[in-house]
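Student: The file below is structure24.txt, compact mmCIF, C-alpha atoms:
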# COMPACT_ATOMS: atom_id res chain seq x y z
CA MET V 234 -14.17 258.13 -5.83
CA ALA V 235 -12.76 255.75 -8.45
CA LEU V 236 -11.96 257.53 -11.69
CA ARG V 237 -11.22 255.96 -15.06
CA LEU V 238 -10.41 257.80 -18.27
CA PHE V 239 -11.06 256.40 -21.75
CA ARG V 240 -9.71 258.03 -24.90
CA THR V 241 -11.94 257.64 -27.95
CA ALA V 242 -11.92 258.96 -31.49
CA SER V 243 -14.39 261.66 -30.41
CA GLY V 244 -12.60 262.69 -27.21
CA TRP V 245 -12.02 261.72 -23.59
CA ILE V 246 -14.68 260.04 -21.44
CA VAL V 247 -14.45 259.94 -17.65
CA GLU V 248 -16.08 257.20 -15.60
CA ALA V 249 -16.86 257.97 -11.95
CA ASP V 250 -18.83 255.57 -9.73
CA GLY V 251 -20.16 253.74 -12.78
CA ARG V 252 -21.36 256.89 -14.60
CA ARG V 253 -19.66 257.89 -17.84
CA ALA V 254 -19.46 261.50 -18.96
CA ARG V 255 -17.86 263.21 -21.93
CA LEU V 256 -15.28 265.94 -21.37
CA SER V 257 -15.67 269.14 -23.33
CA PRO V 258 -12.98 270.15 -25.83
CA THR V 259 -12.00 272.97 -23.45
CA ASP V 260 -11.43 270.52 -20.59
CA GLU V 261 -9.41 268.21 -22.85
CA SER V 262 -6.72 270.79 -23.57
CA GLY V 263 -3.56 269.50 -21.88
CA LEU V 264 -5.68 267.09 -19.84
CA THR V 265 -3.14 264.32 -19.27
CA THR V 266 -0.34 266.72 -18.33
CA ARG V 267 -2.17 268.33 -15.37
CA ASP V 268 -0.59 267.75 -11.96
CA ASP V 269 -4.09 268.14 -10.46
CA LEU V 270 -5.72 265.64 -12.83
CA ALA V 271 -7.42 263.58 -10.10
CA SER V 272 -8.90 266.56 -8.26
CA PHE V 273 -9.91 268.26 -11.53
CA LEU V 274 -11.82 265.21 -12.73
CA SER V 275 -13.40 264.65 -9.32
CA SER V 276 -14.71 268.21 -9.19
CA THR V 277 -16.03 268.29 -12.75
CA ALA V 278 -17.28 264.77 -13.46
CA GLY V 279 -20.69 265.27 -11.86
CA ALA V 280 -21.47 268.31 -13.99
CA LEU V 281 -20.51 266.79 -17.33
CA PRO V 282 -23.06 265.53 -19.88
CA ALA V 283 -23.58 261.78 -19.88
CA ALA V 284 -21.79 259.86 -22.63
CA GLU V 285 -24.05 258.12 -25.11
CA ASN V 286 -24.24 254.34 -25.39
CA GLY V 287 -21.40 252.88 -27.41
CA ALA V 288 -19.31 256.02 -26.92
CA LEU V 289 -16.16 254.02 -26.14
CA HIS V 290 -15.85 252.87 -29.74
CA PRO V 291 -13.54 253.33 -31.46
CA LEU V 292 -11.21 253.19 -28.47
CA LEU V 293 -7.76 254.80 -28.65
CA PRO V 294 -4.67 254.32 -26.45
CA PRO V 295 -4.96 256.35 -23.20
CA LEU V 296 -2.18 258.79 -23.99
CA GLU V 297 -1.66 261.87 -26.17
CA ARG V 298 1.83 263.10 -27.07
CA GLN V 299 3.70 261.25 -24.32
CA GLU V 300 6.78 259.22 -25.09
CA VAL V 301 6.61 255.65 -23.78
CA TRP V 302 9.61 254.38 -21.79
CA ALA V 303 10.15 251.13 -19.93
CA ALA V 304 12.00 249.73 -16.94
CA GLY V 305 13.55 246.28 -16.97
CA VAL V 306 14.62 243.66 -14.42
CA THR V 307 12.35 245.08 -11.72
CA TYR V 308 11.04 241.65 -10.65
CA PHE V 309 13.13 238.62 -9.70
CA ARG V 310 11.29 236.53 -12.32
CA SER V 311 12.32 238.97 -15.06
CA ARG V 312 15.92 238.88 -13.89
CA THR V 313 15.95 235.09 -14.03
CA ALA V 314 14.36 234.94 -17.48
CA ARG V 315 16.77 237.41 -19.01
CA MET V 316 19.77 235.64 -17.53
CA GLU V 317 18.49 232.37 -19.02
CA GLU V 318 17.92 233.83 -22.48
CA SER V 319 21.40 235.37 -22.79
CA GLN V 320 23.60 233.39 -25.18
CA VAL V 321 26.70 235.56 -24.92
CA ALA V 322 29.54 234.43 -22.67
CA ALA V 323 29.07 236.16 -19.31
CA GLY V 324 26.12 238.06 -20.81
CA SER V 325 23.78 236.88 -18.08
CA GLN V 326 25.85 238.78 -15.53
CA PHE V 327 24.53 242.05 -16.96
CA TYR V 328 21.02 241.30 -15.69
CA ASP V 329 22.19 240.20 -12.26
CA LEU V 330 24.13 243.47 -11.95
CA VAL V 331 21.06 245.49 -12.98
CA TYR V 332 18.77 243.70 -10.54
CA ASN V 333 21.08 244.48 -7.62
CA ALA V 334 22.16 247.98 -8.66
CA ASP V 335 20.72 251.23 -7.32
CA ARG V 336 20.24 252.57 -10.86
CA PRO V 337 17.44 250.79 -12.77
CA GLU V 338 17.45 249.75 -16.40
CA LEU V 339 15.46 252.33 -18.38
CA PHE V 340 14.95 252.41 -22.13
CA PHE V 341 12.79 254.08 -24.76
CA LYS V 342 9.91 251.85 -25.87
CA ALA V 343 7.59 253.66 -28.28
CA ALA V 344 6.55 256.93 -29.83
CA PRO V 345 2.85 257.59 -29.18
CA TRP V 346 1.90 256.89 -32.78
CA ARG V 347 3.31 253.36 -32.50
CA VAL V 348 1.09 252.46 -29.52
CA VAL V 349 -2.08 250.37 -29.93
CA THR V 350 -4.91 249.73 -27.48
CA SER V 351 -7.34 246.99 -26.53
CA GLY V 352 -8.97 245.38 -29.54
CA GLN V 353 -6.14 246.32 -31.90
CA PRO V 354 -3.46 243.87 -33.10
CA VAL V 355 0.06 243.57 -31.75
CA ARG V 356 2.90 242.14 -33.83
CA ILE V 357 5.78 239.72 -33.59
CA ARG V 358 8.96 240.39 -35.55
CA ARG V 359 9.38 238.46 -38.80
CA ASP V 360 13.12 238.11 -38.10
CA ALA V 361 12.65 236.62 -34.61
CA ALA V 362 11.87 233.06 -33.53
CA TRP V 363 11.18 233.53 -29.80
CA ASN V 364 8.54 236.16 -29.06
CA VAL V 365 6.62 236.80 -25.85
CA PRO V 366 4.25 239.36 -24.37
CA GLU V 367 5.25 241.12 -21.16
CA PRO V 368 2.29 242.21 -18.99
CA GLU V 369 3.13 245.34 -17.02
CA LEU V 370 1.73 248.21 -15.03
CA ALA V 371 2.21 251.48 -16.93
CA LEU V 372 2.35 254.85 -15.17
CA LEU V 373 1.15 258.16 -16.60
CA ILE V 374 3.58 260.82 -15.39
CA SER V 375 3.18 264.60 -15.63
CA PRO V 376 5.87 266.94 -17.06
CA ALA V 377 6.81 267.74 -13.44
CA GLY V 378 7.34 264.05 -12.63
CA ARG V 379 4.10 263.42 -10.72
CA ILE V 380 2.39 260.03 -11.10
CA LEU V 381 -1.12 260.84 -12.33
CA GLY V 382 -2.52 257.37 -12.94
CA TYR V 383 -1.89 253.93 -14.34
CA THR V 384 -3.02 251.46 -16.98
CA ALA V 385 -2.23 248.00 -18.33
CA ALA V 386 0.61 247.51 -20.79
CA ASN V 387 2.00 244.84 -23.09
CA ASP V 388 5.72 245.20 -23.76
CA MET V 389 6.09 242.79 -26.70
CA SER V 390 9.61 241.37 -26.83
CA SER V 391 11.79 239.18 -29.03
CA ARG V 392 13.77 237.14 -26.53
CA ASP V 393 16.08 235.48 -29.03
CA ILE V 394 17.26 238.80 -30.46
CA GLU V 395 18.06 240.25 -27.04
CA GLY V 396 19.57 236.94 -25.95
CA GLU V 397 22.15 237.11 -28.75
CA ASN V 398 23.61 240.29 -27.28
CA PRO V 399 22.37 242.77 -24.63
CA LEU V 400 23.14 245.59 -27.09
CA TYR V 401 20.33 244.30 -29.31
CA LEU V 402 17.75 245.35 -26.70
CA ALA V 403 16.31 248.12 -28.88
CA GLN V 404 15.68 245.77 -31.80
CA ALA V 405 14.07 243.24 -29.46
CA LYS V 406 11.77 245.85 -27.93
CA ILE V 407 11.12 248.67 -30.40
CA TYR V 408 9.22 247.91 -33.59
CA ASP V 409 5.79 248.51 -35.11
CA GLY V 410 3.02 246.97 -33.02
CA SER V 411 5.27 246.21 -30.04
CA CYS V 412 3.45 248.28 -27.40
CA ALA V 413 -0.17 248.17 -26.24
CA LEU V 414 -1.82 250.27 -23.51
CA GLY V 415 -5.32 250.37 -22.05
CA PRO V 416 -8.19 250.04 -22.06
CA ALA V 417 -8.69 252.60 -19.27
CA LEU V 418 -6.45 254.97 -17.37
CA VAL V 419 -7.09 254.83 -13.62
CA VAL V 420 -6.62 258.34 -12.23
CA SER V 421 -5.80 258.69 -8.55
CA ALA V 422 -3.97 261.03 -6.21
CA ASP V 423 -2.66 257.93 -4.45
CA PRO V 424 -0.14 255.45 -5.91
CA PRO V 425 -1.38 251.97 -6.87
CA PRO V 426 -1.39 249.65 -3.84
CA PRO V 427 1.22 246.88 -3.42
CA ALA V 428 -1.57 244.27 -3.50
CA LEU V 429 -2.59 245.35 -7.02
CA THR V 430 -2.86 242.22 -9.18
CA ILE V 431 -1.57 241.90 -12.75
CA ALA V 432 -2.66 238.78 -14.66
CA MET V 433 -2.18 237.42 -18.17
CA GLU V 434 -3.75 234.66 -20.23
CA ILE V 435 -2.72 233.62 -23.74
CA ARG V 436 -5.28 231.78 -25.85
CA ARG V 437 -4.60 229.77 -28.97
CA GLY V 438 -7.91 228.95 -30.55
CA PRO V 439 -10.22 227.65 -27.81
CA ASP V 440 -7.35 226.74 -25.47
CA ALA V 441 -5.51 228.74 -22.83
CA VAL V 442 -1.84 227.95 -23.51
CA PHE V 443 -0.44 230.10 -20.69
CA SER V 444 -1.70 231.98 -17.65
CA GLY V 445 -0.01 233.68 -14.75
CA SER V 446 -0.36 236.50 -12.23
CA THR V 447 1.68 238.64 -9.87
CA THR V 448 1.31 241.67 -7.62
CA LEU V 449 3.16 244.95 -7.27
CA ALA V 450 4.41 243.72 -3.90
CA ARG V 451 6.78 241.39 -5.77
CA MET V 452 8.51 244.28 -7.51
CA LYS V 453 11.92 245.10 -6.10
CA ARG V 454 11.93 248.72 -7.26
CA GLU V 455 9.81 251.54 -5.86
CA LEU V 456 7.63 253.27 -8.46
CA ALA V 457 8.72 256.72 -7.26
CA SER V 458 12.38 255.72 -7.61
CA LEU V 459 11.86 254.59 -11.22
CA VAL V 460 10.27 257.96 -12.02
CA ASP V 461 13.08 259.82 -10.26
CA TYR V 462 15.78 258.10 -12.32
CA LEU V 463 13.82 258.54 -15.56
CA TYR V 464 13.47 262.30 -15.03
CA ARG V 465 17.08 262.87 -14.06
CA GLU V 466 18.69 265.10 -16.71
CA THR V 467 15.79 264.36 -19.13
CA SER V 468 12.76 266.59 -19.65
CA PHE V 469 9.33 265.49 -20.82
CA PRO V 470 7.33 268.58 -21.87
CA ASP V 471 4.25 266.43 -22.59
CA GLY V 472 4.79 264.04 -19.72
CA CYS V 473 5.66 260.40 -20.12
CA VAL V 474 4.29 256.88 -19.86
CA LEU V 475 6.55 254.43 -18.02
CA LEU V 476 6.18 250.64 -18.19
CA THR V 477 7.38 249.29 -14.85
CA GLY V 478 8.59 245.80 -15.75
CA THR V 479 7.12 242.32 -15.78
CA GLY V 480 6.87 239.60 -13.18
CA ILE V 481 5.09 237.14 -15.48
CA VAL V 482 7.20 235.22 -17.99
CA PRO V 483 6.04 232.21 -20.08
CA PRO V 484 8.31 229.13 -20.01
CA ASP V 485 11.36 229.02 -22.26
CA ASP V 486 9.74 226.60 -24.70
CA PHE V 487 6.86 229.00 -25.40
CA THR V 488 6.70 231.48 -28.27
CA LEU V 489 3.79 233.47 -29.62
CA GLN V 490 2.13 232.53 -32.88
CA ARG V 491 0.09 234.68 -35.22
CA GLY V 492 -3.55 234.50 -34.21
CA ASP V 493 -2.81 234.11 -30.47
CA GLU V 494 -5.01 236.22 -28.21
CA ILE V 495 -3.32 238.01 -25.30
CA LEU V 496 -5.41 239.13 -22.32
CA ILE V 497 -3.72 241.31 -19.69
CA SER V 498 -5.80 242.35 -16.68
CA VAL V 499 -4.96 244.95 -14.05
CA GLU V 500 -7.27 245.58 -11.12
CA GLY V 501 -9.41 248.65 -11.75
CA VAL V 502 -8.10 249.13 -15.28
CA GLY V 503 -9.88 246.27 -17.03
CA THR V 504 -8.52 243.83 -19.60
CA LEU V 505 -6.16 244.75 -22.42
CA GLN V 506 -7.01 242.36 -25.27
CA ASN V 507 -4.87 242.02 -28.38
CA VAL V 508 -4.51 239.44 -31.14
CA VAL V 509 -1.08 238.76 -32.62
CA GLU V 510 -0.70 239.40 -36.33
Would you give me this structure, written as structure tokens?

Tutor:
Amino acid sequence: MALRLFRTASGWIVEADGRRARLSPTDESGLTTRDDLASFLSSTAGALPAAENGALHPLLPPLERQEVWAAGVTYFRSRTARMEESQVAAGSQFYDLVYNADRPELFFKAAPWRVVTSGQPVRIRRDAAWNVPEPELALLISPAGRILGYTAANDMSSRDIEGENPLYLAQAKIYDGSCALGPALVVSADPPPPALTIAMEIRRGPDAVFSGSTTLARMKRELASLVDYLYRETSFPDGCVLLTGTGIVPPDDFTLQRGDEILISVEGVGTLQNVVE
């Protein structure tokens, strides 16, 4: 049974086989930290009261107190793009080393209160000239390190800032409005399949100025390995959300403008829609 979770201002709503039901406040306590989340929702969804029409609004990001982290250079396309953007002598070698190393690149992306969801604006930095969205699959991980589900993510990035120096990564990645998740959280006891498609379209007014797609099969890293490295020597009492990297990169002459609409679609999750402000 396909399960999707939506977080709203009035609580969590579960969707099972096209029927939406509202979780009770008792069921919501520690919901997204449960190792048995998929089986719990499967066993209770049928007995829950139906959600009223329009119950998904206002929609909130599908996380609670989880930190958001990210993995980089997990696709060959991402490796190539980051080598091209580096302006420091020999700086591009860093990304080639990361792509071929056993240890992945992992970095903090956002506190939960900095995350937005579908229908809310994302931002580009005022001190950057080359800004892009990065469409990614995001994993919800329990405190024990179990993958509970997944959603769509936008890892907004300032390529010119990171390109000046790899040590500027945090400033290129971490700022207000730089992370979007949603709209739904797909909950499953099984990992997402390799054929899972991730797609992005960027619209400027009536025109589509960029579109692209990829699949998880093109990712070099294993999802379980990314989680293993993230949880080594680091505890997450409330669990964690991990962005798994991008395989879709706009051309080097493209930069976002205010008013652009970004649409990121992940099979089963739906479309994460944000306008740049």

Student: Do you have the atom CA of V:Leu330-atom CA of V:Asp485 distance handy?

Tutor: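 Rounded to one decimal, the two atoms are 21.9 Å apart.
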
Student: Rank nothing, just name the residue among V:Gly492, V:Gly478, V:Pro295, V:Pro484 nearest to V:Arg356, using all atoms listed in the file.

Tutor: V:Gly492

Student: Within 7 Å of (11.2, 249.5, -20.8), all atoms listed in the file: residues as a ChimeraX atom specification?

Tutor: /V:302-305,339-342,476,478

Student: Counting only C-alpha atoms, which of V:Arg491, V:Arg451, V:Arg255, V:Arg436 gets nearest to V:Leu281?

Tutor: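 Closest to V:Leu281, using only C-alpha atoms: V:Arg255.
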
Student: Counting only C-alpha atoms, which residue out of V:Arg336, V:Arg298, V:Arg237, V:His290 sits closest to V:Asp471?

Tutor: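 Ranking V:Arg336, V:Arg298, V:Arg237, V:His290 by distance to V:Asp471, first place goes to V:Arg298.
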
Student: Tell me, as a PDB file with C-alpha atoms, keeping the file's coordinate frame, which residues lie within 9 Å of V:Thr488, counting all atoms listed in the file; anything in the same chain fewer than 6 positions away does not count.

Tutor:
ATOM      1  CA  ALA V 362      11.870 233.060 -33.530  1.00  0.00           C
ATOM      2  CA  TRP V 363      11.180 233.530 -29.800  1.00  0.00           C
ATOM      3  CA  ASN V 364       8.540 236.160 -29.060  1.00  0.00           C
ATOM      4  CA  VAL V 365       6.620 236.800 -25.850  1.00  0.00           C
TER       5      VAL V 365
END

Student: Quick one: residues within 12 Å of V:Ala280, all atoms listed in the file, excluding same-chain residues fewer than 4 positions away - as a count of residues only?

Tutor: 12

Student: For V:Pro366, which of V:Ala271, V:Leu289, V:Ile407, V:Ala386 is the closest residue, counting all atoms listed in the file?

Tutor: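 Closest candidate: V:Ala386.
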
Student: Hey, could you patch up stretch 382-409 of chain V with N, CA and C atoms and hand it over as a PDB file, in the frame of the given file?

Tutor:
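The result, written out as part-v1.pdb:
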ATOM      1  N   GLY V 382      -1.631 258.518 -12.826  1.00  0.00           N
ATOM      2  CA  GLY V 382      -2.520 257.370 -12.940  1.00  0.00           C
ATOM      3  C   GLY V 382      -1.767 256.193 -13.525  1.00  0.00           C
ATOM      4  N   TYR V 383      -2.533 255.145 -13.831  1.00  0.00           N
ATOM      5  CA  TYR V 383      -1.890 253.930 -14.340  1.00  0.00           C
ATOM      6  C   TYR V 383      -2.843 253.161 -15.238  1.00  0.00           C
ATOM      7  N   THR V 384      -2.254 252.290 -16.062  1.00  0.00           N
ATOM      8  CA  THR V 384      -3.020 251.460 -16.980  1.00  0.00           C
ATOM      9  C   THR V 384      -2.277 250.149 -17.192  1.00  0.00           C
ATOM     10  N   ALA V 385      -2.866 249.272 -17.993  1.00  0.00           N
ATOM     11  CA  ALA V 385      -2.230 248.000 -18.330  1.00  0.00           C
ATOM     12  C   ALA V 385      -1.384 248.171 -19.575  1.00  0.00           C
ATOM     13  N   ALA V 386      -0.297 247.403 -19.650  1.00  0.00           N
ATOM     14  CA  ALA V 386       0.610 247.510 -20.790  1.00  0.00           C
ATOM     15  C   ALA V 386       1.080 246.130 -21.233  1.00  0.00           C
ATOM     16  N   ASN V 387       1.378 246.033 -22.515  1.00  0.00           N
ATOM     17  CA  ASN V 387       2.000 244.840 -23.090  1.00  0.00           C
ATOM     18  C   ASN V 387       3.284 245.290 -23.786  1.00  0.00           C
ATOM     19  N   ASP V 388       4.408 244.886 -23.216  1.00  0.00           N
ATOM     20  CA  ASP V 388       5.720 245.200 -23.760  1.00  0.00           C
ATOM     21  C   ASP V 388       6.180 243.988 -24.583  1.00  0.00           C
ATOM     22  N   MET V 389       5.725 243.914 -25.835  1.00  0.00           N
ATOM     23  CA  MET V 389       6.090 242.790 -26.700  1.00  0.00           C
ATOM     24  C   MET V 389       7.599 242.736 -26.881  1.00  0.00           C
ATOM     25  N   SER V 390       8.164 241.519 -26.815  1.00  0.00           N
ATOM     26  CA  SER V 390       9.610 241.370 -26.830  1.00  0.00           C
ATOM     27  C   SER V 390      10.040 240.156 -27.627  1.00  0.00           C
ATOM     28  N   SER V 391      11.181 240.291 -28.299  1.00  0.00           N
ATOM     29  CA  SER V 391      11.790 239.180 -29.030  1.00  0.00           C
ATOM     30  C   SER V 391      12.972 238.682 -28.211  1.00  0.00           C
ATOM     31  N   ARG V 392      12.762 237.597 -27.489  1.00  0.00           N
ATOM     32  CA  ARG V 392      13.770 237.140 -26.530  1.00  0.00           C
ATOM     33  C   ARG V 392      15.019 236.607 -27.204  1.00  0.00           C
ATOM     34  N   ASP V 393      14.882 236.013 -28.391  1.00  0.00           N
ATOM     35  CA  ASP V 393      16.080 235.480 -29.030  1.00  0.00           C
ATOM     36  C   ASP V 393      16.992 236.581 -29.530  1.00  0.00           C
ATOM     37  N   ILE V 394      16.426 237.694 -29.973  1.00  0.00           N
ATOM     38  CA  ILE V 394      17.260 238.800 -30.460  1.00  0.00           C
ATOM     39  C   ILE V 394      18.041 239.421 -29.304  1.00  0.00           C
ATOM     40  N   GLU V 395      17.354 239.691 -28.185  1.00  0.00           N
ATOM     41  CA  GLU V 395      18.060 240.250 -27.040  1.00  0.00           C
ATOM     42  C   GLU V 395      19.049 239.243 -26.464  1.00  0.00           C
ATOM     43  N   GLY V 396      18.694 237.953 -26.502  1.00  0.00           N
ATOM     44  CA  GLY V 396      19.570 236.940 -25.950  1.00  0.00           C
ATOM     45  C   GLY V 396      20.889 236.803 -26.689  1.00  0.00           C
ATOM     46  N   GLU V 397      20.910 237.177 -27.985  1.00  0.00           N
ATOM     47  CA  GLU V 397      22.150 237.110 -28.750  1.00  0.00           C
ATOM     48  C   GLU V 397      23.190 238.088 -28.205  1.00  0.00           C
ATOM     49  N   ASN V 398      22.702 239.249 -27.737  1.00  0.00           N
ATOM     50  CA  ASN V 398      23.610 240.290 -27.280  1.00  0.00           C
ATOM     51  C   ASN V 398      22.776 241.350 -26.556  1.00  0.00           C
ATOM     52  N   PRO V 399      23.144 241.747 -25.336  1.00  0.00           N
ATOM     53  CA  PRO V 399      22.370 242.770 -24.630  1.00  0.00           C
ATOM     54  C   PRO V 399      22.256 244.081 -25.403  1.00  0.00           C
ATOM     55  N   LEU V 400      23.197 244.348 -26.310  1.00  0.00           N
ATOM     56  CA  LEU V 400      23.140 245.590 -27.090  1.00  0.00           C
ATOM     57  C   LEU V 400      22.046 245.555 -28.149  1.00  0.00           C
ATOM     58  N   TYR V 401      21.429 244.397 -28.354  1.00  0.00           N
ATOM     59  CA  TYR V 401      20.330 244.300 -29.310  1.00  0.00           C
ATOM     60  C   TYR V 401      18.975 244.592 -28.655  1.00  0.00           C
ATOM     61  N   LEU V 402      18.988 245.107 -27.431  1.00  0.00           N
ATOM     62  CA  LEU V 402      17.750 245.350 -26.700  1.00  0.00           C
ATOM     63  C   LEU V 402      16.755 246.180 -27.514  1.00  0.00           C
ATOM     64  N   ALA V 403      17.236 247.247 -28.152  1.00  0.00           N
ATOM     65  CA  ALA V 403      16.310 248.120 -28.880  1.00  0.00           C
ATOM     66  C   ALA V 403      15.593 247.366 -29.998  1.00  0.00           C
ATOM     67  N   GLN V 404      16.315 246.515 -30.721  1.00  0.00           N
ATOM     68  CA  GLN V 404      15.680 245.770 -31.800  1.00  0.00           C
ATOM     69  C   GLN V 404      14.709 244.717 -31.270  1.00  0.00           C
ATOM     70  N   ALA V 405      14.962 244.226 -30.061  1.00  0.00           N
ATOM     71  CA  ALA V 405      14.070 243.240 -29.460  1.00  0.00           C
ATOM     72  C   ALA V 405      12.803 243.877 -28.904  1.00  0.00           C
ATOM     73  N   LYS V 406      12.859 245.179 -28.639  1.00  0.00           N
ATOM     74  CA  LYS V 406      11.770 245.850 -27.930  1.00  0.00           C
ATOM     75  C   LYS V 406      11.024 246.890 -28.760  1.00  0.00           C
ATOM     76  N   ILE V 407      11.700 247.510 -29.710  1.00  0.00           N
ATOM     77  CA  ILE V 407      11.120 248.670 -30.400  1.00  0.00           C
ATOM     78  C   ILE V 407      10.866 248.332 -31.856  1.00  0.00           C
ATOM     79  N   TYR V 408       9.607 248.142 -32.204  1.00  0.00           N
ATOM     80  CA  TYR V 408       9.220 247.910 -33.590  1.00  0.00           C
ATOM     81  C   TYR V 408       7.716 248.160 -33.709  1.00  0.00           C
ATOM     82  N   ASP V 409       7.206 248.214 -34.914  1.00  0.00           N
ATOM     83  CA  ASP V 409       5.790 248.510 -35.110  1.00  0.00           C
ATOM     84  C   ASP V 409       4.928 247.440 -34.445  1.00  0.00           C
TER      85      ASP V 409
END
